[in-house]
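Trainee: Sharing data_28.cif (mmCIF, C-alpha atoms and all ligand atoms) below.
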```cif
data_work
loop_
_atom_site.group_PDB
_atom_site.id
_atom_site.type_symbol
_atom_site.label_atom_id
_atom_site.label_comp_id
_atom_site.auth_asym_id
_atom_site.auth_seq_id
_atom_site.Cartn_x
_atom_site.Cartn_y
_atom_site.Cartn_z
ATOM 1 C CA MET A 1406 6.882 160.664 6.035
ATOM 2 C CA THR A 1407 3.793 162.185 4.398
ATOM 3 C CA ASN A 1408 3.076 165.878 4.989
ATOM 4 C CA ALA A 1409 0.320 166.825 7.463
ATOM 5 C CA LYS A 1410 -2.984 167.785 5.840
ATOM 6 C CA VAL A 1411 -3.910 171.477 5.786
ATOM 7 C CA ALA A 1412 -7.262 172.988 6.777
ATOM 8 C CA LEU A 1413 -8.321 176.641 6.611
ATOM 9 C CA VAL A 1414 -10.946 177.845 9.106
ATOM 10 C CA THR A 1415 -12.624 181.239 8.681
ATOM 11 C CA GLY A 1416 -13.907 183.065 11.742
ATOM 12 C CA SER A 1417 -11.466 181.047 13.844
ATOM 13 C CA GLY A 1418 -10.628 183.787 16.361
ATOM 14 C CA GLN A 1419 -13.265 182.600 18.821
ATOM 15 C CA GLY A 1420 -16.315 180.421 19.407
ATOM 16 C CA ILE A 1421 -17.120 177.575 17.035
ATOM 17 C CA GLY A 1422 -14.313 178.395 14.568
ATOM 18 C CA ARG A 1423 -11.697 178.318 17.329
ATOM 19 C CA ALA A 1424 -12.996 174.953 18.597
ATOM 20 C CA ILE A 1425 -12.904 173.522 15.057
ATOM 21 C CA ALA A 1426 -9.326 174.761 14.495
ATOM 22 C CA LEU A 1427 -8.128 173.258 17.786
ATOM 23 C CA ARG A 1428 -9.887 169.932 17.141
ATOM 24 C CA LEU A 1429 -8.417 169.668 13.629
ATOM 25 C CA ALA A 1430 -4.969 170.403 15.089
ATOM 26 C CA LYS A 1431 -5.485 167.553 17.583
ATOM 27 C CA ASP A 1432 -6.452 165.347 14.607
ATOM 28 C CA GLY A 1433 -3.116 166.163 12.930
ATOM 29 C CA PHE A 1434 -3.965 169.070 10.603
ATOM 30 C CA ASN A 1435 -1.849 172.184 10.176
ATOM 31 C CA THR A 1436 -4.299 175.051 10.096
ATOM 32 C CA GLY A 1437 -4.817 178.408 8.366
ATOM 33 C CA LEU A 1438 -6.597 180.802 10.724
ATOM 34 C CA VAL A 1439 -8.624 183.548 9.057
ATOM 35 C CA ASP A 1440 -10.564 186.261 10.883
ATOM 36 C CA ILE A 1441 -11.065 190.031 10.934
ATOM 37 C CA LYS A 1442 -9.708 190.069 14.513
ATOM 38 C CA LYS A 1443 -5.904 189.712 14.399
ATOM 39 C CA GLY A 1444 -5.279 189.494 18.156
ATOM 40 C CA LYS A 1445 -7.803 186.670 18.551
ATOM 41 C CA VAL A 1446 -6.298 184.462 15.829
ATOM 42 C CA GLU A 1447 -2.824 185.112 17.202
ATOM 43 C CA THR A 1448 -3.955 183.587 20.511
ATOM 44 C CA VAL A 1449 -5.491 180.576 18.746
ATOM 45 C CA ALA A 1450 -2.277 180.127 16.730
ATOM 46 C CA ARG A 1451 -0.311 179.863 19.981
ATOM 47 C CA GLU A 1452 -2.796 177.268 21.278
ATOM 48 C CA ILE A 1453 -2.316 175.223 18.088
ATOM 49 C CA GLU A 1454 1.463 175.465 18.280
ATOM 50 C CA ALA A 1455 1.274 174.235 21.891
ATOM 51 C CA LEU A 1456 -0.393 171.096 20.455
ATOM 52 C CA GLY A 1457 2.663 170.563 18.248
ATOM 53 C CA ARG A 1458 1.032 171.621 14.969
ATOM 54 C CA LYS A 1459 1.611 174.587 12.659
ATOM 55 C CA ALA A 1460 -0.738 177.567 12.242
ATOM 56 C CA ALA A 1461 -0.734 180.339 9.632
ATOM 57 C CA ILE A 1462 -2.628 183.558 10.337
ATOM 58 C CA HIS A 1463 -4.324 185.645 7.678
ATOM 59 C CA VAL A 1464 -6.454 188.679 8.513
ATOM 60 C CA ALA A 1465 -9.308 188.894 6.000
ATOM 61 C CA ASP A 1466 -12.930 189.908 5.622
ATOM 62 C CA THR A 1467 -14.665 186.899 4.082
ATOM 63 C CA SER A 1468 -17.320 189.093 2.462
ATOM 64 C CA ARG A 1469 -14.570 190.255 0.063
ATOM 65 C CA GLN A 1470 -13.926 187.800 -2.738
ATOM 66 C CA ASP A 1471 -10.295 188.892 -3.294
ATOM 67 C CA GLU A 1472 -9.478 188.526 0.411
ATOM 68 C CA VAL A 1473 -10.811 184.955 0.521
ATOM 69 C CA TYR A 1474 -8.710 183.963 -2.520
ATOM 70 C CA ALA A 1475 -5.656 185.614 -0.906
ATOM 71 C CA ALA A 1476 -6.282 183.776 2.375
ATOM 72 C CA ILE A 1477 -6.257 180.391 0.598
ATOM 73 C CA ASP A 1478 -3.083 181.279 -1.359
ATOM 74 C CA HIS A 1479 -1.396 182.381 1.858
ATOM 75 C CA THR A 1480 -2.401 179.218 3.752
ATOM 76 C CA GLU A 1481 -1.210 176.965 0.910
ATOM 77 C CA LYS A 1482 2.124 178.757 0.699
ATOM 78 C CA ALA A 1483 2.740 178.940 4.463
ATOM 79 C CA LEU A 1484 1.695 175.364 5.266
ATOM 80 C CA GLY A 1485 2.606 173.561 2.033
ATOM 81 C CA GLY A 1486 -0.814 172.236 1.065
ATOM 82 C CA PHE A 1487 -4.557 172.746 1.096
ATOM 83 C CA ASP A 1488 -7.054 169.946 1.791
ATOM 84 C CA VAL A 1489 -10.061 171.258 3.752
ATOM 85 C CA MET A 1490 -11.938 174.584 3.644
ATOM 86 C CA ILE A 1491 -14.204 175.521 6.559
ATOM 87 C CA ASN A 1492 -16.479 178.490 5.789
ATOM 88 C CA ASN A 1493 -17.391 179.234 9.402
ATOM 89 C CA ALA A 1494 -17.378 183.072 9.634
ATOM 90 C CA GLY A 1495 -20.832 184.551 10.065
ATOM 91 C CA ILE A 1496 -22.804 187.199 11.899
ATOM 92 C CA ALA A 1497 -26.278 187.309 13.463
ATOM 93 C CA GLN A 1498 -28.790 190.145 13.421
ATOM 94 C CA VAL A 1499 -31.785 190.315 15.738
ATOM 95 C CA ASN A 1500 -34.567 192.434 14.264
ATOM 96 C CA PRO A 1501 -38.281 192.177 13.526
ATOM 97 C CA LEU A 1502 -38.675 191.839 9.727
ATOM 98 C CA SER A 1503 -40.575 195.165 9.682
ATOM 99 C CA ASP A 1504 -37.457 197.003 10.902
ATOM 100 C CA VAL A 1505 -34.769 195.543 8.601
ATOM 101 C CA THR A 1506 -32.928 198.252 6.653
ATOM 102 C CA PRO A 1507 -31.236 197.843 3.248
ATOM 103 C CA GLU A 1508 -27.834 198.461 4.918
ATOM 104 C CA GLU A 1509 -28.342 195.683 7.497
ATOM 105 C CA PHE A 1510 -29.717 193.325 4.843
ATOM 106 C CA ASN A 1511 -26.756 193.893 2.513
ATOM 107 C CA ARG A 1512 -24.204 193.462 5.293
ATOM 108 C CA ILE A 1513 -25.482 190.077 6.513
ATOM 109 C CA VAL A 1514 -25.987 188.789 2.968
ATOM 110 C CA GLN A 1515 -22.424 189.797 2.032
ATOM 111 C CA ILE A 1516 -20.915 187.992 5.037
ATOM 112 C CA ASN A 1517 -23.193 184.962 5.494
ATOM 113 C CA ILE A 1518 -23.998 184.145 1.849
ATOM 114 C CA ALA A 1519 -21.378 185.790 -0.378
ATOM 115 C CA GLY A 1520 -18.594 184.920 2.106
ATOM 116 C CA VAL A 1521 -19.543 181.233 1.891
ATOM 117 C CA LEU A 1522 -19.840 181.394 -1.913
ATOM 118 C CA TRP A 1523 -16.352 182.941 -2.267
ATOM 119 C CA GLY A 1524 -14.997 180.245 0.058
ATOM 120 C CA ILE A 1525 -16.621 177.457 -1.956
ATOM 121 C CA GLN A 1526 -15.493 178.769 -5.364
ATOM 122 C CA ALA A 1527 -11.950 179.688 -4.294
ATOM 123 C CA ALA A 1528 -11.395 176.350 -2.506
ATOM 124 C CA ALA A 1529 -12.819 174.303 -5.390
ATOM 125 C CA LYS A 1530 -10.599 176.121 -7.928
ATOM 126 C CA LYS A 1531 -7.559 175.551 -5.723
ATOM 127 C CA PHE A 1532 -8.278 171.806 -5.289
ATOM 128 C CA ILE A 1533 -8.779 171.436 -9.061
ATOM 129 C CA ALA A 1534 -5.559 173.391 -9.822
ATOM 130 C CA ARG A 1535 -3.680 171.147 -7.367
ATOM 131 C CA LYS A 1536 -5.240 168.057 -9.071
ATOM 132 C CA GLN A 1537 -6.395 166.653 -5.753
ATOM 133 C CA LYS A 1538 -9.523 165.790 -3.795
ATOM 134 C CA GLY A 1539 -10.815 168.269 -1.222
ATOM 135 C CA LYS A 1540 -13.483 168.932 1.358
ATOM 136 C CA ILE A 1541 -15.555 172.084 1.783
ATOM 137 C CA ILE A 1542 -17.603 172.480 4.967
ATOM 138 C CA SER A 1543 -19.749 175.542 5.747
ATOM 139 C CA ALA A 1544 -21.718 176.895 8.693
ATOM 140 C CA SER A 1545 -25.479 176.784 8.273
ATOM 141 C CA SER A 1546 -27.697 176.622 11.374
ATOM 142 C CA ILE A 1547 -30.825 175.259 12.999
ATOM 143 C CA ALA A 1548 -32.205 178.531 11.570
ATOM 144 C CA GLY A 1549 -31.317 177.173 8.113
ATOM 145 C CA TYR A 1550 -34.056 174.542 8.545
ATOM 146 C CA GLU A 1551 -36.694 176.567 10.391
ATOM 147 C CA GLY A 1552 -37.023 180.355 10.248
ATOM 148 C CA SER A 1553 -36.729 182.018 13.651
ATOM 149 C CA ALA A 1554 -38.797 185.036 14.734
ATOM 150 C CA MET A 1555 -36.572 188.141 15.105
ATOM 151 C CA LEU A 1556 -33.835 186.307 13.197
ATOM 152 C CA GLY A 1557 -35.614 186.317 9.835
ATOM 153 C CA VAL A 1558 -32.846 187.560 7.564
ATOM 154 C CA TYR A 1559 -30.241 185.527 9.474
ATOM 155 C CA SER A 1560 -32.439 182.443 8.903
ATOM 156 C CA ALA A 1561 -32.701 183.260 5.181
ATOM 157 C CA THR A 1562 -28.894 183.444 4.890
ATOM 158 C CA LYS A 1563 -28.539 180.048 6.568
ATOM 159 C CA PHE A 1564 -31.161 178.503 4.211
ATOM 160 C CA ALA A 1565 -28.987 179.907 1.404
ATOM 161 C CA VAL A 1566 -25.922 178.103 2.757
ATOM 162 C CA ARG A 1567 -27.813 174.818 2.401
ATOM 163 C CA GLY A 1568 -28.717 175.716 -1.205
ATOM 164 C CA LEU A 1569 -25.116 176.577 -2.078
ATOM 165 C CA THR A 1570 -23.929 173.365 -0.403
ATOM 166 C CA GLN A 1571 -26.276 171.176 -2.448
ATOM 167 C CA ALA A 1572 -25.469 172.931 -5.749
ATOM 168 C CA ALA A 1573 -21.709 172.867 -5.114
ATOM 169 C CA ALA A 1574 -21.814 169.152 -4.216
ATOM 170 C CA LYS A 1575 -23.395 168.493 -7.618
ATOM 171 C CA GLU A 1576 -21.024 170.815 -9.534
ATOM 172 C CA TYR A 1577 -17.772 169.604 -7.973
ATOM 173 C CA GLY A 1578 -18.468 165.916 -7.230
ATOM 174 C CA HIS A 1579 -16.796 164.893 -10.514
ATOM 175 C CA ALA A 1580 -13.536 166.425 -9.203
ATOM 176 C CA GLY A 1581 -13.622 164.387 -5.986
ATOM 177 C CA ILE A 1582 -14.607 167.425 -3.921
ATOM 178 C CA THR A 1583 -17.208 166.912 -1.186
ATOM 179 C CA VAL A 1584 -19.299 169.849 0.031
ATOM 180 C CA ASN A 1585 -21.257 169.695 3.284
ATOM 181 C CA ALA A 1586 -22.584 171.980 6.020
ATOM 182 C CA TYR A 1587 -23.046 171.813 9.790
ATOM 183 C CA CYS A 1588 -26.171 173.184 11.432
ATOM 184 C CA PRO A 1589 -25.641 173.988 15.120
ATOM 185 C CA GLY A 1590 -28.532 174.649 17.482
ATOM 186 C CA ILE A 1591 -27.961 176.855 20.501
ATOM 187 C CA VAL A 1592 -24.270 177.185 21.245
ATOM 188 C CA SER A 1593 -22.665 178.985 24.158
ATOM 189 C CA THR A 1594 -20.608 181.578 22.251
ATOM 190 C CA ASP A 1595 -20.494 185.381 22.151
ATOM 191 C CA MET A 1596 -22.959 185.233 19.256
ATOM 192 C CA TRP A 1597 -25.703 183.733 21.442
ATOM 193 C CA THR A 1598 -24.912 186.053 24.355
ATOM 194 C CA GLU A 1599 -25.505 188.956 21.971
ATOM 195 C CA ILE A 1600 -28.684 187.384 20.487
ATOM 196 C CA ASP A 1601 -30.070 186.891 24.005
ATOM 197 C CA LYS A 1602 -29.320 190.527 24.928
ATOM 198 C CA ARG A 1603 -31.001 191.900 21.801
ATOM 199 C CA LEU A 1604 -34.050 189.646 22.196
ATOM 200 C CA ALA A 1605 -34.335 190.868 25.793
ATOM 201 C CA ALA A 1606 -34.319 194.476 24.553
ATOM 202 C CA ILE A 1607 -37.112 193.712 22.058
ATOM 203 C CA THR A 1608 -39.354 191.451 24.156
ATOM 204 C CA GLY A 1609 -38.690 192.931 27.589
ATOM 205 C CA ALA A 1610 -37.601 189.535 28.962
ATOM 206 C CA PRO A 1611 -34.764 189.676 31.518
ATOM 207 C CA ILE A 1612 -31.290 189.053 30.065
ATOM 208 C CA GLY A 1613 -30.546 185.326 30.067
ATOM 209 C CA ASP A 1614 -34.227 184.238 30.159
ATOM 210 C CA THR A 1615 -34.577 183.531 26.420
ATOM 211 C CA LEU A 1616 -31.527 181.292 26.478
ATOM 212 C CA VAL A 1617 -32.901 179.377 29.492
ATOM 213 C CA GLU A 1618 -36.340 179.069 27.854
ATOM 214 C CA TYR A 1619 -34.882 177.709 24.578
ATOM 215 C CA SER A 1620 -32.571 175.356 26.482
ATOM 216 C CA ARG A 1621 -35.487 173.739 28.356
ATOM 217 C CA LYS A 1622 -36.824 172.503 24.986
ATOM 218 C CA ILE A 1623 -33.613 170.630 24.036
ATOM 219 C CA PRO A 1624 -34.212 166.849 24.356
ATOM 220 C CA LEU A 1625 -30.585 166.224 25.345
ATOM 221 C CA GLY A 1626 -31.066 168.700 28.199
ATOM 222 C CA ARG A 1627 -28.241 171.175 27.672
ATOM 223 C CA ILE A 1628 -27.075 173.875 25.285
ATOM 224 C CA GLN A 1629 -24.170 172.987 23.021
ATOM 225 C CA GLU A 1630 -20.518 173.684 23.520
ATOM 226 C CA PRO A 1631 -18.422 174.659 20.469
ATOM 227 C CA GLU A 1632 -16.611 171.314 20.862
ATOM 228 C CA ASP A 1633 -19.881 169.453 20.084
ATOM 229 C CA ILE A 1634 -19.802 171.027 16.619
ATOM 230 C CA ALA A 1635 -16.077 170.462 16.238
ATOM 231 C CA ASN A 1636 -16.787 166.719 16.720
ATOM 232 C CA LEU A 1637 -19.074 166.740 13.660
ATOM 233 C CA VAL A 1638 -16.738 168.901 11.574
ATOM 234 C CA ALA A 1639 -13.787 166.625 12.428
ATOM 235 C CA PHE A 1640 -15.763 163.734 10.919
ATOM 236 C CA LEU A 1641 -16.702 165.747 7.816
ATOM 237 C CA ALA A 1642 -13.029 166.724 7.393
ATOM 238 C CA SER A 1643 -11.866 163.114 7.692
ATOM 239 C CA GLU A 1644 -11.742 160.299 5.135
ATOM 240 C CA ASP A 1645 -14.569 158.603 7.065
ATOM 241 C CA SER A 1646 -16.982 161.039 5.375
ATOM 242 C CA ASP A 1647 -15.668 160.434 1.825
ATOM 243 C CA TYR A 1648 -19.041 159.205 0.488
ATOM 244 C CA ILE A 1649 -21.076 162.032 2.076
ATOM 245 C CA THR A 1650 -21.739 165.167 0.030
ATOM 246 C CA GLY A 1651 -24.472 167.791 -0.349
ATOM 247 C CA GLN A 1652 -25.631 167.344 3.248
ATOM 248 C CA ALA A 1653 -26.405 169.923 5.919
ATOM 249 C CA ILE A 1654 -26.219 168.027 9.197
ATOM 250 C CA LEU A 1655 -28.082 169.211 12.290
ATOM 251 C CA THR A 1656 -26.307 169.101 15.619
ATOM 252 C CA THR A 1657 -28.968 170.504 17.926
ATOM 253 C CA GLY A 1658 -29.406 167.977 20.733
ATOM 254 C CA GLY A 1659 -32.686 166.995 19.074
ATOM 255 C CA LEU A 1660 -34.231 170.492 19.180
ATOM 256 C CA VAL A 1661 -35.029 170.334 15.462
ATOM 257 C CA CYS A 1662 -35.206 166.936 13.694
ATOM 258 C CA ARG A 1663 -35.131 166.593 9.879
HETATM 259 N N1 LIG A 1701 -23.631 180.375 18.282
HETATM 260 C C1 LIG A 1701 -24.648 179.714 17.809
HETATM 261 O O1 LIG A 1701 -25.587 179.383 18.568
HETATM 262 C C2 LIG A 1701 -24.730 179.310 16.354
HETATM 263 C C3 LIG A 1701 -25.796 178.505 15.956
HETATM 264 C C4 LIG A 1701 -25.904 178.131 14.618
HETATM 265 C C5 LIG A 1701 -24.956 178.542 13.702
HETATM 266 N N2 LIG A 1701 -23.918 179.328 14.118
HETATM 267 C C6 LIG A 1701 -22.966 179.760 13.066
HETATM 268 O O2 LIG A 1701 -21.662 179.289 13.395
HETATM 269 C C7 LIG A 1701 -20.675 180.240 12.936
HETATM 270 C C8 LIG A 1701 -19.782 180.655 14.092
HETATM 271 O O3 LIG A 1701 -20.591 181.187 15.129
HETATM 272 P P1 LIG A 1701 -20.029 181.593 16.569
HETATM 273 O O4 LIG A 1701 -21.141 181.389 17.514
HETATM 274 O O5 LIG A 1701 -18.719 180.966 16.824
HETATM 275 O O6 LIG A 1701 -19.864 183.176 16.346
HETATM 276 P P2 LIG A 1701 -18.913 184.248 17.088
HETATM 277 O O7 LIG A 1701 -19.546 185.572 16.847
HETATM 278 O O8 LIG A 1701 -18.626 183.835 18.488
HETATM 279 O O9 LIG A 1701 -17.538 184.153 16.250
HETATM 280 C C9 LIG A 1701 -17.527 184.478 14.876
HETATM 281 C C10 LIG A 1701 -16.104 184.753 14.419
HETATM 282 O O10 LIG A 1701 -16.170 185.111 13.030
HETATM 283 C C11 LIG A 1701 -15.427 186.306 12.803
HETATM 284 N N3 LIG A 1701 -16.009 187.043 11.670
HETATM 285 C C12 LIG A 1701 -17.219 187.664 11.616
HETATM 286 N N4 LIG A 1701 -17.374 188.248 10.423
HETATM 287 C C13 LIG A 1701 -16.257 187.984 9.698
HETATM 288 C C14 LIG A 1701 -15.834 188.328 8.394
HETATM 289 N N5 LIG A 1701 -16.602 189.056 7.572
HETATM 290 N N6 LIG A 1701 -14.630 187.884 7.972
HETATM 291 C C15 LIG A 1701 -13.832 187.151 8.793
HETATM 292 N N7 LIG A 1701 -14.173 186.805 10.039
HETATM 293 C C16 LIG A 1701 -15.381 187.218 10.489
HETATM 294 C C17 LIG A 1701 -15.530 187.100 14.111
HETATM 295 O O11 LIG A 1701 -14.479 188.035 14.217
HETATM 296 C C18 LIG A 1701 -15.464 185.974 15.142
HETATM 297 O O12 LIG A 1701 -14.135 185.659 15.495
HETATM 298 C C19 LIG A 1701 -21.468 181.393 12.331
HETATM 299 O O13 LIG A 1701 -21.555 181.237 10.924
HETATM 300 C C20 LIG A 1701 -22.831 181.250 12.956
HETATM 301 O O14 LIG A 1701 -23.852 181.836 12.178
HETATM 302 C C21 LIG A 1701 -23.780 179.715 15.412
#
```
If you convert what's in this file into structure tokens, what do you get?
Ligand SMILES: NC(=O)c1ccc[n+]([C@@H]2O[C@H](COP(=O)([O-])OP(=O)(O)OC[C@H]3O[C@@H](n4cnc5c(N)ncnc54)[C@H](O)[C@@H]3O)[C@@H](O)[C@H]2O)c1

Mentor:
Amino acid sequence: MTNAKVALVTGSGQGIGRAIALRLAKDGFNTGLVDIKKGKVETVAREIEALGRKAAIHVADTSRQDEVYAAIDHTEKALGGFDVMINNAGIAQVNPLSDVTPEEFNRIVQINIAGVLWGIQAAAKKFIARKQKGKIISASSIAGYEGSAMLGVYSATKFAVRGLTQAAAKEYGHAGITVNAYCPGIVSTDMWTEIDKRLAAITGAPIGDTLVEYSRKIPLGRIQEPEDIANLVAFLASEDSDYITGQAILTTGGLVCR
């Protein structure tokens, strides 16, 4: 019997990362769960074990290079392999560009750009050391294709994820490593609840109105569920995507088309 494949998902305590981890478990992966919130990943680990798969928890801040390397080492040791890296952890900030402070700028850049870079470099080195193929998949966004008002620096970090994805695909293709990104639109997670609240505070719109207004523009007629993104990531993590690399794929219900 061959061993189950191993995936590591950052930011898997809730939202999109949790949905990806559960979907990969259903597809037969054992999964490393990495987040800053220990209690949340413990709950997800129990959900994965209930599906008959193994989970390994590692509490880490993905903006710290050493913690990302340690998370991969821990996952490999606990689960006996390492095949897929999902750089999902990220934060949003809602702010007019005129109000952005150096502290806020540095924080989001460290998590959304540096965190993805550490994940790409640490995973690629591990795949090469293990003399095997591998897949690296990172979270960009609809805001990585079109800058959003009040989400300017967030948008810039998600453009950067596309740049890193393209460069890494070209650097690591020779080693059989594919590097891709997923670009969700408007997803019903805590992140969007918070974005909606902060936009309401800035624009004066009632809480919930911005989300409803954006949703009306989606050709497929509904906001996304985290599982919609997990469907795409499951494909990118599977052998069916073996000839796809350097791509940042939109899953927005048609809201932005590229
Ligand atoms: N929700 C959306 O509409 C949407 C749209 C496009 C892209 N995205 C992207 O998808 C990813 C997941 O979004 P979500 O909506 O599930 O967010 P979320 O806020 O619901 O969950 C994010 C998870 O990441 C963890 N996390 C945050 N910073 C971390 C760090 N430094 N180290 C480790 N873990 C950390 C949090 O603890 C949390 O469990 C993010 O990169 C986000 O930018 C989300």

Trainee: So that all listed atoms of ligand LIG 1701 (chain A) fit with 3 Å spare on each side, what axis-aligned box centre and edge lengths in Å, to one decimal, would you give as JSON?

Mentor:
```
{"center_x": -19.9, "center_y": 183.6, "center_z": 13.1, "size_x": 18.1, "size_y": 16.9, "size_z": 17.0}
```

Trainee: Give me, please, the distance in Å between atom CA of Pro1624 of chain A and atom CA of Ser1545 of chain A, quoted to one decimal.

Mentor: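 So the answer is 20.8 Å.
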
Trainee: Might you spell out which residues the PyMOL selection byres (((chain A and resi 1655) around 7) and not hetatm) would select in the displayed file, as a PyMOL selection string?

Mentor: chain A and resi 1547+1587-1589+1653-1654+1656-1657

Trainee: Would you mind listing the residues within 6 Å of ligand LIG 1701 (chain A), counting all atoms listed in the file, as a VMD selection string?

Mentor: chain A and resid 1415 to 1422 1440 to 1442 1465 to 1468 1493 to 1496 1516 1544 to 1547 1588 to 1592 1594 to 1597

Trainee: Using the chain letters and residue numbers of this document, give as a compact mmCIF listing (two decimals) with C-alpha atoms, keeping the file's coordinate frame the residues selected by the PyMOL selection byres (((chain A and resi 1600) around 10) and not hetatm).

Mentor:
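Listed below is the output, part-v5.txt:
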```
# COMPACT_ATOMS: atom_id res chain seq x y z
CA ALA A 1497 -26.28 187.31 13.46
CA GLN A 1498 -28.79 190.14 13.42
CA VAL A 1499 -31.78 190.32 15.74
CA ASN A 1500 -34.57 192.43 14.26
CA MET A 1555 -36.57 188.14 15.10
CA LEU A 1556 -33.84 186.31 13.20
CA ASP A 1595 -20.49 185.38 22.15
CA MET A 1596 -22.96 185.23 19.26
CA TRP A 1597 -25.70 183.73 21.44
CA THR A 1598 -24.91 186.05 24.36
CA GLU A 1599 -25.50 188.96 21.97
CA ASP A 1601 -30.07 186.89 24.00
CA LYS A 1602 -29.32 190.53 24.93
CA ARG A 1603 -31.00 191.90 21.80
CA LEU A 1604 -34.05 189.65 22.20
CA ALA A 1605 -34.34 190.87 25.79
CA ALA A 1606 -34.32 194.48 24.55
CA GLY A 1613 -30.55 185.33 30.07
CA THR A 1615 -34.58 183.53 26.42
CA LEU A 1616 -31.53 181.29 26.48
```

Trainee: Taking into account all atoms listed in the file, which residue in the set A:Gly1651, A:Gly1658, A:Gly1609, A:Pro1501 is nearest to Asp1633 of chain A?

Mentor: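 Closest candidate: A:Gly1658.
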
Trainee: Could you tell me, as a list in words, exactly which residues end up selected when the PyMOL selection byres (((chain A and resi 1565) around 10) and not hetatm) is applied to this structure?

Mentor: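 Written out, the selection comes to Val1514, Asn1517, Ile1518, Ala1519, Val1521, Leu1522, Ser1545, Gly1549, Tyr1559, Ser1560, Ala1561, Thr1562, Lys1563, Phe1564, Val1566, Arg1567, Gly1568, Leu1569, Thr1570 and Gln1571 of chain A.
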